[in-house]
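start26.cif, holding mmCIF, C-alpha atoms and all ligand atoms:
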```cif
data_start
loop_
_atom_site.label_atom_id
_atom_site.label_comp_id
_atom_site.auth_asym_id
_atom_site.auth_seq_id
_atom_site.Cartn_x
_atom_site.Cartn_y
_atom_site.Cartn_z
CA MET A 1 15.88 5.76 -28.21
CA GLN A 2 16.67 9.27 -26.89
CA LEU A 3 14.94 9.92 -23.59
CA ALA A 4 13.85 13.39 -24.82
CA SER A 5 11.80 11.74 -27.57
CA LEU A 6 9.76 9.94 -24.88
CA SER A 7 7.23 11.22 -22.42
CA LEU A 8 4.84 10.06 -19.73
CA PHE A 9 1.21 9.53 -20.74
CA PRO A 10 -1.90 8.23 -18.97
CA ALA A 11 -2.50 4.87 -20.63
CA THR A 12 -5.34 4.26 -23.05
CA ARG A 13 -7.63 1.35 -22.13
CA GLU A 14 -5.73 -0.85 -24.60
CA GLN A 15 -2.38 0.16 -23.09
CA THR A 16 -3.69 -0.57 -19.59
CA ILE A 17 -4.65 -4.08 -20.68
CA GLU A 18 -1.28 -4.50 -22.41
CA SER A 19 0.48 -3.35 -19.25
CA ARG A 20 -1.46 -5.93 -17.23
CA LYS A 21 -0.65 -8.67 -19.72
CA ARG A 22 3.02 -7.80 -19.41
CA THR A 23 3.09 -7.73 -15.61
CA ALA A 24 1.16 -11.00 -15.37
CA ASP A 25 4.45 -12.69 -16.20
CA ILE A 26 5.87 -11.96 -12.78
CA TRP A 27 2.91 -10.98 -10.59
CA LYS A 28 0.07 -13.36 -11.42
CA LYS A 29 1.49 -16.03 -9.10
CA ASP A 30 -1.04 -18.89 -9.00
CA LEU A 31 -3.67 -17.13 -11.15
CA THR A 32 -3.90 -17.69 -14.89
CA VAL A 33 -3.16 -14.67 -17.09
CA ASN A 34 -6.90 -14.31 -17.75
CA GLU A 35 -7.72 -14.48 -14.04
CA TYR A 36 -5.00 -11.94 -13.24
CA ILE A 37 -6.43 -9.51 -15.81
CA LEU A 38 -9.99 -10.23 -14.66
CA ARG A 39 -9.01 -9.49 -11.05
CA ASP A 40 -7.65 -6.08 -12.01
CA GLU A 41 -10.69 -5.36 -14.18
CA THR A 42 -13.03 -6.42 -11.37
CA MET A 43 -11.19 -4.15 -8.95
CA ASP A 44 -11.25 -1.17 -11.35
CA SER A 45 -14.76 -0.40 -10.10
CA HIS A 46 -13.81 -0.66 -6.42
CA GLU A 47 -13.55 2.43 -4.27
CA HIS A 48 -9.74 2.77 -4.34
CA ALA A 49 -9.80 2.88 -8.15
CA ALA A 50 -13.20 4.22 -9.20
CA GLY A 51 -13.63 7.70 -10.64
CA GLY A 52 -10.18 7.70 -12.19
CA ARG A 53 -8.29 7.28 -8.91
CA LEU A 54 -6.27 4.45 -10.42
CA THR A 55 -4.18 5.58 -13.36
CA THR A 56 -1.88 3.42 -15.44
CA TRP A 57 1.00 5.44 -16.90
CA VAL A 58 3.20 4.58 -19.86
CA LEU A 59 6.52 5.92 -21.06
CA ALA A 60 6.02 6.14 -24.81
CA PRO A 61 7.30 8.01 -27.87
CA ARG A 62 5.98 11.56 -28.04
CA ASP A 63 5.07 10.98 -31.68
CA ASP A 64 3.15 7.75 -30.95
CA PRO A 65 1.80 8.02 -27.38
CA THR A 66 -0.92 5.38 -27.80
CA THR A 67 1.36 2.64 -29.15
CA LEU A 68 1.09 -0.79 -27.54
CA ASP A 69 4.86 -1.02 -27.91
CA PHE A 70 5.43 1.42 -25.03
CA MET A 71 8.69 1.28 -23.07
CA CYS A 72 7.46 0.68 -19.53
CA SER A 73 4.50 1.36 -17.24
CA CYS A 74 3.39 1.91 -13.66
CA GLU A 75 0.21 2.68 -11.73
CA THR A 76 -0.75 5.45 -9.34
CA MET A 77 -3.61 5.47 -6.85
CA HIS A 78 -4.86 8.88 -5.90
CA ARG A 79 -5.74 9.02 -2.19
CA THR A 80 -6.63 11.41 0.59
CA GLY A 81 -3.97 11.59 3.26
CA VAL A 82 -3.34 13.79 6.27
CA VAL A 83 -0.52 16.10 7.27
CA ALA A 84 -0.08 17.82 10.62
CA ASN A 85 2.43 20.45 11.66
CA SER A 86 2.49 23.51 13.88
CA GLN A 87 -0.31 24.96 11.76
CA GLY A 88 -2.62 22.03 12.53
CA LEU A 89 -4.14 19.27 10.41
CA THR A 90 -4.70 19.32 6.64
CA GLU A 91 -6.31 16.69 4.45
CA VAL A 92 -4.15 16.38 1.37
CA SER A 93 -4.02 14.78 -2.02
CA CYS A 94 -1.42 12.00 -2.17
CA PHE A 95 -0.53 8.95 -4.23
CA GLY A 96 0.41 5.31 -3.87
CA ILE A 97 2.59 4.03 -6.72
CA ALA A 98 2.62 0.41 -7.88
CA SER A 99 3.52 -2.04 -10.63
CA VAL A 100 6.64 -0.38 -12.04
CA TYR A 101 7.54 -2.64 -14.93
CA THR A 102 9.81 -2.74 -17.98
CA PRO A 103 9.69 -5.90 -20.12
CA PRO A 104 13.03 -7.76 -20.22
CA ASP A 105 13.63 -6.93 -23.91
CA LYS A 106 13.45 -3.20 -23.14
CA GLY A 107 15.34 -3.30 -19.81
CA GLY A 108 18.59 -1.57 -18.85
CA ARG A 109 18.10 1.46 -21.12
CA GLY A 110 17.03 3.92 -18.46
CA TYR A 111 13.30 3.71 -19.26
CA ALA A 112 11.90 2.91 -15.81
CA GLY A 113 14.20 5.46 -14.18
CA HIS A 114 13.07 8.15 -16.61
CA MET A 115 9.40 7.25 -16.13
CA MET A 116 9.77 7.60 -12.37
CA ARG A 117 11.56 10.95 -12.68
CA LEU A 118 8.80 12.24 -14.95
CA LEU A 119 6.16 10.95 -12.56
CA HIS A 120 7.04 13.68 -10.04
CA TRP A 121 6.20 16.24 -12.74
CA ALA A 122 2.80 14.61 -13.20
CA LEU A 123 1.87 14.18 -9.52
CA ALA A 124 3.34 17.17 -7.70
CA PRO A 125 2.30 20.82 -7.74
CA ARG A 126 4.62 22.89 -9.90
CA ALA A 127 5.51 25.05 -6.90
CA ALA A 128 6.97 21.97 -5.15
CA LEU A 129 9.23 21.09 -8.09
CA PRO A 130 12.47 22.68 -9.32
CA ALA A 131 11.92 25.99 -11.14
CA GLU A 132 12.91 24.54 -14.51
CA PHE A 133 11.94 21.23 -16.09
CA PRO A 134 15.24 19.66 -17.30
CA ALA A 135 15.71 20.93 -20.86
CA VAL A 136 17.45 17.71 -21.93
CA TRP A 137 14.17 15.84 -21.35
CA GLY A 138 12.21 17.93 -23.89
CA PRO A 139 8.83 19.40 -22.83
CA PRO A 140 7.27 18.29 -19.51
CA PRO A 141 4.40 15.77 -19.36
CA ASP A 142 1.00 17.29 -20.01
CA VAL A 143 -1.57 15.55 -17.80
CA PRO A 144 -4.57 17.81 -17.23
CA SER A 145 -7.13 15.00 -17.41
CA VAL A 146 -5.77 12.81 -14.63
CA PRO A 147 -7.60 13.18 -11.27
CA GLY A 148 -5.27 14.63 -8.65
CA ALA A 149 -2.43 15.30 -11.09
CA GLY A 150 -0.38 18.29 -9.99
CA THR A 151 -1.84 18.31 -6.47
CA GLY A 152 0.08 15.58 -4.58
CA ARG A 153 1.59 16.51 -1.25
CA PHE A 154 3.46 13.20 -1.10
CA SER A 155 3.72 9.90 -2.92
CA ALA A 156 4.84 6.49 -1.68
CA LEU A 157 5.86 3.15 -3.12
CA TYR A 158 7.00 -0.23 -1.84
CA SER A 159 10.29 -1.22 -3.43
CA ASP A 160 11.14 -4.84 -4.19
CA ILE A 161 14.43 -3.77 -5.76
CA GLY A 162 16.24 -2.23 -2.81
CA GLU A 163 16.68 1.37 -1.66
CA ASP A 164 18.86 2.87 -4.38
CA PHE A 165 16.92 2.72 -7.64
CA TYR A 166 13.95 4.84 -6.55
CA ARG A 167 16.11 7.15 -4.42
CA ALA A 168 18.07 8.03 -7.56
CA CYS A 169 14.86 8.97 -9.41
CA GLY A 170 14.26 12.58 -8.42
CA PRO A 171 12.71 15.39 -10.43
CA THR A 172 16.00 16.56 -11.99
CA ASP A 173 18.39 14.97 -14.46
CA GLN A 174 20.91 14.39 -11.63
CA PRO A 175 20.61 11.18 -9.58
CA GLY A 176 19.07 11.67 -6.14
CA GLN A 177 16.11 13.32 -4.38
CA GLY A 178 13.78 10.47 -5.25
CA TRP A 179 11.77 8.22 -2.90
CA LEU A 180 13.35 7.73 0.52
CA VAL A 181 13.00 4.37 2.27
CA ARG A 182 11.51 4.74 5.76
CA GLY A 183 9.98 2.54 8.44
CA VAL A 184 10.64 -0.97 7.14
CA MET A 185 10.27 -2.70 10.50
CA GLN A 186 8.24 -5.90 10.61
CA THR A 187 7.26 -7.96 13.62
CA PHE A 188 6.70 -11.59 12.77
CA ARG A 189 6.05 -15.05 14.11
CA LEU A 190 6.28 -18.45 12.44
CA LEU A 191 3.58 -21.06 12.99
CA PRO A 192 4.66 -24.70 13.10
CA ARG A 193 2.97 -26.74 10.38
CA PHE A 194 1.45 -29.28 12.78
CA ASP A 195 -0.29 -26.43 14.57
CA LEU A 196 -2.37 -25.33 11.60
CA ASP A 197 -6.12 -25.57 11.81
CA ASN A 198 -6.54 -25.31 8.08
CA GLY A 199 -9.79 -23.99 6.70
CA SER A 200 -11.94 -23.76 9.82
CA THR A 201 -13.94 -20.61 10.42
CA PRO A 202 -14.71 -19.04 13.77
CA ALA A 203 -17.69 -20.72 15.42
CA ALA A 204 -19.31 -17.37 16.14
CA SER A 205 -18.94 -13.76 15.12
CA SER A 206 -17.76 -12.98 18.63
CA ASP A 207 -15.61 -14.91 21.06
CA GLY A 208 -15.88 -13.68 24.65
CA ASP A 209 -14.68 -10.10 24.56
CA TRP A 210 -13.48 -10.35 20.96
CA GLY A 211 -15.50 -9.81 17.78
CA TRP A 212 -14.32 -11.18 14.43
CA LEU A 213 -14.60 -8.67 11.59
CA THR A 214 -16.14 -9.31 8.20
CA GLU A 215 -14.86 -7.08 5.39
CA ASP A 216 -17.89 -4.81 5.87
CA ASN A 217 -17.20 -4.52 9.58
CA ALA A 218 -13.52 -3.84 8.89
CA LYS A 219 -14.61 -0.96 6.65
CA ILE A 220 -16.70 0.52 9.47
CA VAL A 221 -13.80 0.15 11.88
CA TRP A 222 -11.40 1.83 9.40
CA GLU A 223 -13.86 4.68 8.94
CA CYS A 224 -13.92 5.35 12.69
CA ASP A 225 -10.20 4.76 13.07
CA ALA A 226 -9.40 7.27 10.30
CA GLU A 227 -10.82 9.98 12.57
CA GLN A 228 -8.79 8.76 15.52
CA MET A 229 -5.68 8.57 13.32
CA LYS A 230 -6.11 12.25 12.43
CA THR A 231 -6.08 13.09 16.14
CA ASP A 232 -2.99 10.92 16.60
CA VAL A 233 -1.20 12.62 13.71
CA VAL A 234 -1.87 16.04 15.26
CA ASN A 235 -0.72 14.84 18.69
CA ARG A 236 2.44 13.36 17.23
CA ALA A 237 3.23 16.61 15.40
CA THR A 238 2.72 18.56 18.63
CA VAL A 239 4.94 16.25 20.70
CA THR A 240 7.76 16.00 18.15
CA GLY A 241 7.63 19.41 16.47
CA ARG A 242 7.83 17.52 13.16
CA THR A 243 5.61 17.49 10.10
CA VAL A 244 3.74 14.20 10.39
CA PHE A 245 1.89 12.57 7.48
CA SER A 246 -0.13 9.44 6.90
CA PHE A 247 -2.36 7.60 4.50
CA LEU A 248 -5.77 6.57 5.85
CA PRO A 249 -7.29 3.06 5.66
CA ASN A 250 -10.83 4.16 4.70
CA ALA A 251 -12.13 5.09 1.22
CA GLY A 252 -11.18 1.71 -0.22
CA VAL A 253 -7.49 1.87 0.70
CA GLY A 254 -7.55 -0.94 3.29
CA ALA A 255 -10.19 -2.90 1.35
CA PHE A 256 -7.79 -3.09 -1.62
CA THR A 257 -5.57 -5.47 0.35
CA VAL A 258 -8.57 -7.70 1.08
CA GLN A 259 -9.94 -7.79 -2.45
CA ARG A 260 -6.52 -8.48 -3.97
CA THR A 261 -6.80 -12.00 -2.54
CA MET A 262 -9.72 -12.92 -4.82
CA ARG A 263 -9.76 -16.09 -6.85
CA PHE A 264 -12.40 -17.11 -9.36
CA LYS A 265 -15.02 -19.83 -9.20
CA ASP A 266 -16.45 -21.21 -12.45
CA GLY A 267 -14.05 -19.02 -14.39
CA ALA A 268 -15.45 -15.62 -13.47
CA VAL A 269 -17.12 -15.47 -10.05
CA PRO A 270 -14.83 -13.73 -7.52
CA VAL A 271 -14.35 -15.62 -4.26
CA LEU A 272 -12.33 -14.48 -1.26
CA PRO A 273 -10.37 -17.05 0.77
CA THR A 274 -12.13 -16.16 4.04
CA ASN A 275 -14.96 -14.04 5.47
CA VAL A 276 -12.92 -12.96 8.48
CA TRP A 277 -10.56 -10.01 7.96
CA GLY A 278 -9.92 -8.76 11.45
CA VAL A 279 -10.72 -8.88 15.12
CA ALA A 280 -11.69 -6.23 17.67
CA LEU A 281 -11.81 -6.11 21.44
CA LEU A 282 -15.41 -5.39 22.37
CA PRO A 283 -15.86 -2.87 25.18
CA GLY A 284 -17.73 -4.18 28.24
CA GLY A 285 -21.39 -4.89 27.60
CA CYS A 286 -21.15 -4.86 23.80
CA SER A 287 -22.11 -8.05 22.03
CA ASP A 288 -20.78 -7.09 18.59
CA VAL A 289 -18.62 -4.60 16.72
CA GLN A 290 -21.49 -2.53 15.37
CA GLU A 291 -22.77 -1.96 18.88
CA ALA A 292 -19.26 -1.06 20.04
CA LEU A 293 -18.88 1.50 17.28
CA SER A 294 -22.31 3.03 17.72
CA ARG A 295 -21.61 3.89 21.36
CA GLU A 296 -21.66 7.57 22.24
CA SER A 297 -18.37 7.87 24.11
CA LYS A 298 -15.77 5.92 22.25
CA GLU A 299 -12.45 4.81 23.58
CA PRO A 300 -10.29 3.98 20.58
CA LEU A 301 -11.01 0.34 19.73
CA THR A 302 -8.25 -2.26 20.07
CA TYR A 303 -8.29 -4.10 16.76
CA ALA A 304 -6.34 -5.63 13.92
CA THR A 305 -7.26 -6.15 10.27
CA TRP A 306 -5.31 -8.33 7.91
CA THR A 307 -4.80 -9.65 4.44
CA LEU A 308 -3.66 -13.08 3.28
CA ASP A 309 -0.61 -13.55 1.13
CA VAL A 310 -1.24 -17.18 0.26
CA ARG A 311 -0.70 -17.43 -3.48
CA LEU A 312 2.87 -18.70 -3.03
CA PRO A 313 4.79 -19.98 0.02
CA PRO A 314 5.48 -18.89 2.65
CA HIS A 315 1.74 -18.48 3.19
CA THR A 316 1.44 -15.39 5.35
CA LEU A 317 -1.19 -13.44 7.23
CA VAL A 318 -0.12 -9.80 7.13
CA VAL A 319 -1.76 -7.40 9.57
CA THR A 320 -2.85 -4.33 7.62
CA ARG A 321 -3.76 -2.03 10.50
CA LEU A 322 -3.41 -2.48 14.24
CA ARG A 323 -4.43 -0.39 17.23
CA ALA A 324 -3.66 -1.62 20.74
CA THR A 325 -2.18 -0.61 24.04
CA ARG A 326 0.59 -2.46 25.88
CA LYS A 327 -2.19 -3.98 27.98
CA THR A 328 -4.50 -5.09 25.16
CA LEU A 329 -1.81 -6.24 22.70
CA PRO A 330 -1.17 -9.75 24.14
CA GLY A 331 -4.86 -10.73 23.71
CA LEU A 332 -4.90 -9.27 20.23
CA LEU A 333 -1.76 -11.18 19.23
CA GLN A 334 -3.36 -14.38 20.50
CA ARG A 335 -6.36 -13.77 18.19
CA ILE A 336 -4.04 -13.06 15.26
CA VAL A 337 -2.31 -16.39 15.90
CA GLU A 338 -5.73 -18.11 15.96
CA ALA A 339 -6.70 -16.45 12.68
CA GLY A 340 -3.38 -17.49 11.15
CA LYS A 341 -3.93 -21.12 12.15
CA ARG A 342 -7.45 -21.11 10.74
CA ASN A 343 -6.14 -19.81 7.44
CA GLY A 344 -3.37 -22.40 7.35
CA VAL A 345 -0.56 -19.84 7.11
CA GLU A 346 3.01 -20.49 8.17
CA ARG A 347 3.87 -16.92 9.00
CA LEU A 348 2.30 -13.87 10.65
CA GLU A 349 3.55 -10.37 9.96
CA ILE A 350 2.82 -6.92 11.36
CA TRP A 351 4.38 -3.88 9.68
CA GLY A 352 5.29 -0.70 11.50
CA LEU A 353 4.39 -1.76 15.04
CA ALA A 354 5.24 1.04 17.51
CA ALA A 355 8.50 0.43 19.40
CA ASP A 356 6.82 -0.03 22.82
CA LEU A 357 4.45 -2.61 21.31
CA GLN A 358 7.34 -4.45 19.64
CA ASP A 359 8.74 -5.02 23.13
CA VAL A 360 5.44 -6.51 24.30
CA ALA A 361 5.21 -8.69 21.19
CA GLY A 362 8.78 -9.84 21.86
CA GLU A 363 7.64 -11.20 25.22
CA HIS A 364 5.01 -13.29 23.41
CA GLY A 365 7.13 -15.11 20.85
CA TRP A 366 7.26 -12.47 18.12
CA ALA A 367 10.49 -11.04 16.68
CA SER A 368 11.15 -7.71 14.99
CA GLU A 369 13.53 -7.00 12.12
CA ASN A 370 13.86 -4.79 9.05
CA ARG A 371 12.10 -6.02 5.92
CA VAL A 372 14.29 -6.76 2.92
CA GLU A 373 11.43 -6.44 0.44
CA HIS A 374 8.37 -4.21 0.06
CA LEU A 375 10.53 -1.33 1.33
CA SER A 376 8.22 1.58 2.05
CA ALA A 377 9.57 4.78 0.51
CA PHE A 378 8.14 8.28 0.20
CA LYS A 379 8.71 11.44 -1.76
CA TRP A 380 7.59 14.69 -0.17
CA TYR A 381 6.38 17.53 -2.38
CA GLY A 382 7.05 20.49 -0.15
CA THR A 383 9.78 22.52 1.48
CA ASP A 384 10.11 20.58 4.77
CA PRO A 385 13.53 18.91 5.04
CA GLU A 386 13.28 15.10 5.04
CA GLU A 387 14.64 14.81 8.59
CA GLN A 388 11.71 16.96 9.77
CA LEU A 389 9.18 14.53 8.31
CA GLU A 390 7.59 11.53 9.98
CA TRP A 391 5.43 8.90 8.24
CA LEU A 392 3.00 7.75 10.91
CA PHE A 393 0.94 4.53 10.52
CA ASN A 394 3.39 3.19 7.94
CA GLU A 395 1.58 -0.15 7.97
CA LYS A 396 0.51 -2.66 5.34
CA PHE A 397 -2.92 -1.05 4.73
CA SER A 398 -1.38 1.61 2.50
CA TRP A 399 0.64 -0.87 0.41
CA CYS A 400 -0.19 -1.05 -3.27
C1 LIG A 501 13.14 -2.93 -12.09
C2 LIG A 501 12.77 -2.53 -13.52
C3 LIG A 501 11.46 -1.73 -13.49
C4 LIG A 501 13.89 -1.66 -14.09
O1 LIG A 501 13.49 -1.26 -15.39
P1 LIG A 501 14.55 -0.67 -16.44
O2 LIG A 501 13.80 0.04 -17.48
O3 LIG A 501 15.48 -1.74 -16.84
O4 LIG A 501 15.31 0.35 -15.48
P2 LIG A 501 16.44 1.39 -15.84
O5 LIG A 501 17.05 1.03 -17.16
O6 LIG A 501 15.93 2.75 -15.67
O7 LIG A 501 17.47 1.13 -14.68
C5 LIG A 501 18.17 -0.09 -14.63
C6 LIG A 501 18.68 -0.20 -13.23
O8 LIG A 501 17.65 -0.61 -12.37
C7 LIG A 501 18.21 -1.28 -11.26
N1 LIG A 501 17.56 -2.57 -11.12
C8 LIG A 501 16.89 -3.27 -12.06
N2 LIG A 501 16.42 -4.42 -11.52
C9 LIG A 501 16.83 -4.44 -10.25
C10 LIG A 501 16.67 -5.35 -9.19
N3 LIG A 501 15.99 -6.49 -9.33
N4 LIG A 501 17.22 -5.02 -8.00
C11 LIG A 501 17.91 -3.88 -7.82
N5 LIG A 501 18.10 -2.98 -8.80
C12 LIG A 501 17.56 -3.26 -10.00
C13 LIG A 501 19.68 -1.46 -11.56
O9 LIG A 501 20.37 -0.40 -10.91
C14 LIG A 501 19.73 -1.25 -13.05
O10 LIG A 501 20.96 -0.73 -13.43
P3 LIG A 501 21.93 -1.69 -14.29
O11 LIG A 501 21.17 -1.96 -15.56
O12 LIG A 501 23.13 -0.84 -14.47
O13 LIG A 501 22.13 -2.90 -13.45
C15 LIG A 501 12.60 -3.80 -14.43
O14 LIG A 501 13.78 -4.56 -14.34
C16 LIG A 501 11.43 -4.65 -14.06
O15 LIG A 501 10.33 -4.41 -14.51
N6 LIG A 501 11.64 -5.67 -13.21
C17 LIG A 501 10.60 -6.59 -12.83
C18 LIG A 501 9.50 -5.90 -12.05
C19 LIG A 501 10.02 -5.21 -10.83
O16 LIG A 501 10.77 -5.75 -10.03
N7 LIG A 501 9.59 -3.95 -10.67
C20 LIG A 501 9.90 -3.13 -9.55
C21 LIG A 501 8.95 -3.39 -8.46
S1 LIG A 501 9.29 -2.41 -7.03
#
```

Rewrite the coordinates I just gave you, this time as structure tokens.
Amino acid sequence: MQLASLSLFPATREQTIESRKRTADIWKKDLTVNEYILRDETMDSHEHAAGGRLTTWVLAPRDDPTTLDFMCSCETMHRTGVVANSQGLTEVSCFGIASVYTPPDKGGRGYAGHMMRLLHWALAPRAALPAEFPAVWGPPPDVPSVPGAGTGRFSALYSDIGEDFYRACGPTDQPGQGWLVRGVMQTFRLLPRFDLDNGSTPAASSDGDWGWLTEDNAKIVWECDAEQMKTDVVNRATVTGRTVFSFLPNAGVGAFTVQRTMRFKDGAVPVLPTNVWGVALLPGGCSDVQEALSRESKEPLTYATWTLDVRLPPHTLVVTRLRATRKTLPGLLQRIVEAGKRNGVERLEIWGLAADLQDVAGEHGWASENRVEHLSAFKWYGTDPEEQLEWLFNEKFSWC
């Protein structure tokens, strides 16, 4: 089929379900197809997705846009991010992109590449795109009804197919100017099997100076940290002279990585694998996290939140967001190891740890290396040259 006869459309409800049925093949892992679809449906009402923030897109014939026989699909999550430069801080519209999928019988015909190229024309402001939409593609996508469409300052995805495919998918008909892989460092540690303390939960909600975080507490911590992150983004822009951008972990973004772990009891009741999703260092005199956060003068809290990737081996605890100093990191790492043992994982991972903290982690049995999958990649919709841009807090919380 000629690419010009196809366009990008927000999926109908039926197409969204069809897209999920298709992707179940490779992404359901240990869930049944029904459970996989039920998980996505359950999460449709969660904060990261509600109000139209989650859009499924299909590449489909212009003359039959609602067909269930569409070529390929993907998802976008509309988010609020931050950008700082010499002009100060701006809250911006931005997108996470996920679930790019072409069924095997339609593969290798340029469909996914074309969908991704068109996606820029759906997400970005016209002023940030080339003056002319490529004539060989026919008319541009028309997406007035999609929340955030045409307003994105940047978009990001996590490639499991290397660096080149998405880089080639820019907004023109020439290869290039697509998503650029950045910041793929992970710091990890393996846990010996005999060391696992499978299934036990912390005896108390706090442990000396440390407070374990429920999902609700993690949300409160992310809310406070989002404010601190804005300050950090501004400081970083001032120190480097660069344009610095970041996603934020509040507004359902970090909670998405928690809720994704749900399984189902009795067929339909969602159950999470644990009640403990993080740990925080309690300032002197505080007996729990709420008290720590309600204090008037707040030093940024040392904390980590995490998700569990335990549907298939290697079972892994992945830290989603971490804040620590060189002094507080060793204690925090010790708690992460404890949490990993309690959850019976074989591997612990932290994405995007600052270089000075990687050194400290290295002294405590952790190693750092570039990831070979989930390669974080961004596309900037603005005039700043790529080498002038820095993605701060490029951690697991913004994965989708
Ligand atoms: C990756 C995928 C979306 C490509 O869809 P498609 O419609 O066949 O893509 P296009 O025809 O536009 O481009 C094909 C090119 O994609 C690249 N590609 C496809 N699969 C790839 C992989 N696993 N690793 C690296 N590159 C890959 C190759 O360059 C390929 O070119 P080739 O056919 O000359 O080898 C599809 O194969 C798929 O859905 N795979 C399973 C899900 C998946 O991995 N999605 C991406 C998640 S980040």

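The gap separating CA of Met43 in chain A from CA of Asp309 in chain A is 17.4 Å, in Å to one decimal.
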
Inset, instruction - Give me the residues within 10 Å of Asp216 in chain A as a PyMOL selection string, counting all atoms listed in the file and dropping any in the same chain fewer than 5 places off. - result: chain A and resi 221-222+255+275-277

Inset, instruction - Report as a ChimeraX atom specification which protein, DNA and RNA residues come within 9 Å of ligand LIG 501 (chain A), using all atoms listed in the file. - result: /A:23,26-27,71-74,98-116,157-166,169,373-375

Legend entry - Selected residue of minimal separation from Ala156 in chain A among A:Glu75, A:Glu91, A:Glu227, A:Glu349, counting all atoms listed in the file: A:Glu75

Inset, instruction - Record the distance separating CA of Pro270 in chain A and CA of Cys224 in chain A, expressed in Å with one decimal. - result: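 For CA of Pro270 in chain A relative to CA of Cys224 in chain A, the distance reads 27.8 Å.
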
Inset, instruction - Determine the nearest neighbour of Met229 in chain A from the options A:Ile336, A:Leu119, A:Ala127, A:Val82, counting only C-alpha atoms. - result: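 Using only C-alpha atoms, the shortest distance to Met229 in chain A belongs to A:Val82.
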
Legend entry - Atom pair CA of Val234 in chain A / CA of Gly362 in chain A: separation (Å): 28.8 Å

Go ahead and fit an axis-aligned box to every listed atom of range 257-266 of chain A plus 6 Å each side, and pass me the centre and edge lengths in Å, one decimal, as JSON.
```
{"center_x": -11.0, "center_y": -13.3, "center_z": -5.7, "size_x": 22.9, "size_y": 27.7, "size_z": 25.5}
```

Inset, instruction - Please identify all polymer residues within 6 Å of Leu8 in chain A, counting all atoms listed in the file, omitting same-chain residues fewer than 2 positions from it, and present them as a list of chain:residue names. - result: A:Val58, A:Leu59, A:Pro141

Write out the residues from the selection above, keeping C-alpha atoms, as a short mmCIF file (atom, residue, chain, number, x, y, z; two decimals), in the coordinates of the input.
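part.cif written:
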```cif
data_model
loop_
_atom_site.label_atom_id
_atom_site.label_comp_id
_atom_site.auth_asym_id
_atom_site.auth_seq_id
_atom_site.Cartn_x
_atom_site.Cartn_y
_atom_site.Cartn_z
CA VAL A 58 3.20 4.58 -19.86
CA LEU A 59 6.52 5.92 -21.06
CA PRO A 141 4.40 15.77 -19.36
#
```

Legend entry - Residue nearest Val310 in chain A - candidates A:Arg117, A:Asn343, A:Pro283, A:Glu223, atoms counted: all atoms listed in the file: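 Of A:Arg117, A:Asn343, A:Pro283, A:Glu223, the one nearest Val310 in chain A is A:Asn343, counting all atoms listed in the file.
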
Is there a way to get, as a short mmCIF file (atom, residue, chain, number, x, y, z; two decimals) with C-alpha atoms, keeping the file's coordinate frame, all residues within 12 Å of the point (-4.1, 19.5, 9.9) in file coordinates, counting only C-alpha atoms?
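Saved as point_21.cif:
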```cif
data_model
loop_
_atom_site.label_atom_id
_atom_site.label_comp_id
_atom_site.auth_asym_id
_atom_site.auth_seq_id
_atom_site.Cartn_x
_atom_site.Cartn_y
_atom_site.Cartn_z
CA GLY A 81 -3.97 11.59 3.26
CA VAL A 82 -3.34 13.79 6.27
CA VAL A 83 -0.52 16.10 7.27
CA ALA A 84 -0.08 17.82 10.62
CA ASN A 85 2.43 20.45 11.66
CA SER A 86 2.49 23.51 13.88
CA GLN A 87 -0.31 24.96 11.76
CA GLY A 88 -2.62 22.03 12.53
CA LEU A 89 -4.14 19.27 10.41
CA THR A 90 -4.70 19.32 6.64
CA GLU A 91 -6.31 16.69 4.45
CA VAL A 92 -4.15 16.38 1.37
CA GLU A 227 -10.82 9.98 12.57
CA MET A 229 -5.68 8.57 13.32
CA LYS A 230 -6.11 12.25 12.43
CA THR A 231 -6.08 13.09 16.14
CA ASP A 232 -2.99 10.92 16.60
CA VAL A 233 -1.20 12.62 13.71
CA VAL A 234 -1.87 16.04 15.26
CA ASN A 235 -0.72 14.84 18.69
CA ARG A 236 2.44 13.36 17.23
CA ALA A 237 3.23 16.61 15.40
CA THR A 238 2.72 18.56 18.63
CA THR A 243 5.61 17.49 10.10
CA VAL A 244 3.74 14.20 10.39
CA PHE A 245 1.89 12.57 7.48
CA SER A 246 -0.13 9.44 6.90
#
```

Inset, instruction - Write out as a PyMOL selection string each polymer residue whose atoms come within 12 Å of Leu348 in chain A, counting all atoms listed in the file; drop sequence neighbours fewer than 2 positions from it. - result: chain A and resi 186-192+306-310+314-320+333-341+343-346+350-351+365-368

Legend entry - Pick from A:Pro130, A:Pro313, A:Gly252, A:Pro171, whichever lies nearest to Thr383 in chain A using only C-alpha atoms: A:Pro130
